[in-house]
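Input: a single structure, listed below in structure tokens.
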Amino acid sequence: MDFSNKTVIVTGGANGIGRGIASLYAEKGANVVIADKDEENGKLVASDIQKQGGKALFIKTDVRLEEEIVRLMATAYQTYGAIHILINNAGISEFKPLFELSVEEWDNVIHTNLRSVFLASREAAKYMRKNEHGGSIVNIASTRAIMSEPNSEAYAATKGGIVAL
């Protein structure tokens, strides 16, 4: 597929699956926006894409925070003139027994993995509505959504929430 002149935002794009997604979209011609808290690796991914002739922009973003998601979408739109694809990939976990998990740890996982999907989808859709053919939002879930395992309850709850969303 050819993604020339399409703008793709990848949350959690500085490492792992997100990095792979960002790199492949760039290979296929997309303008890639990498959103992550990891500034060092985020800049490295953008630089690697640019060295290979691709278009990439890193925007340091804490996906838990509404104002940072709003800024991310506005910056992507101002830079490339449109937002076509959002990949909600950012995610974390606290692998520990539920009775040892603090409310703060629970909230951190919920806000990073699930609340961010709502916020990013809502904000990206505002720009996608301006496109002639709309846009696409891809939410990354996990088998944990339907098949939990011990010590992953917060993570599983967020992935189940993403499936429901």
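Naming works like this for the structure tokens: A, B, ... for the chains as they're shown, residue 1 at the start of each chain, ligands 1 onward in shown order.
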
Inset, instruction - Could you pull out the residues in chain A that DSSP calls alpha helix (DSSP H) from the backbone, as a PyMOL selection string? - result: chain A and resi 16-27+39-51+66-80+103-110+116-128+153-164

Legend entry - Contacts of region 84-97 of chain A within 7 Å, only C-alpha atoms, excl. fewer than 2 positions in-chain, as number ranges by chain: A: 6-12, 18, 82, 99-101, 109, 112-113, 117, 128, 135-140, 150-152, 155

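Atom to atom, CA of Lys37 (chain A) and CA of Thr61 (chain A) stand 5.3 Å apart.
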
Inset, instruction - For each of A:Leu98, A:Val63, A:Ala154, A:Ala145, take the minimum atom-to-atom distance to Leu119 (chain A), counting only C-alpha atoms, then give the residue where this is smallest. - result: A:Val63

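One finds CA of Ala157 (chain A) at 14.6 Å from CA of Phe118 (chain A).
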
Inset, instruction - Please identify all polymer residues within 9 Å of Asn31 (chain A), counting only C-alpha atoms, omitting same-chain residues fewer than 2 positions from it, and present them as number ranges by chain. - result: A: 3-9, 25-26, 29, 33, 54-57, 80

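Here CA of Lys60 (chain A) and CA of Lys159 (chain A) stand 23.7 Å from one another.
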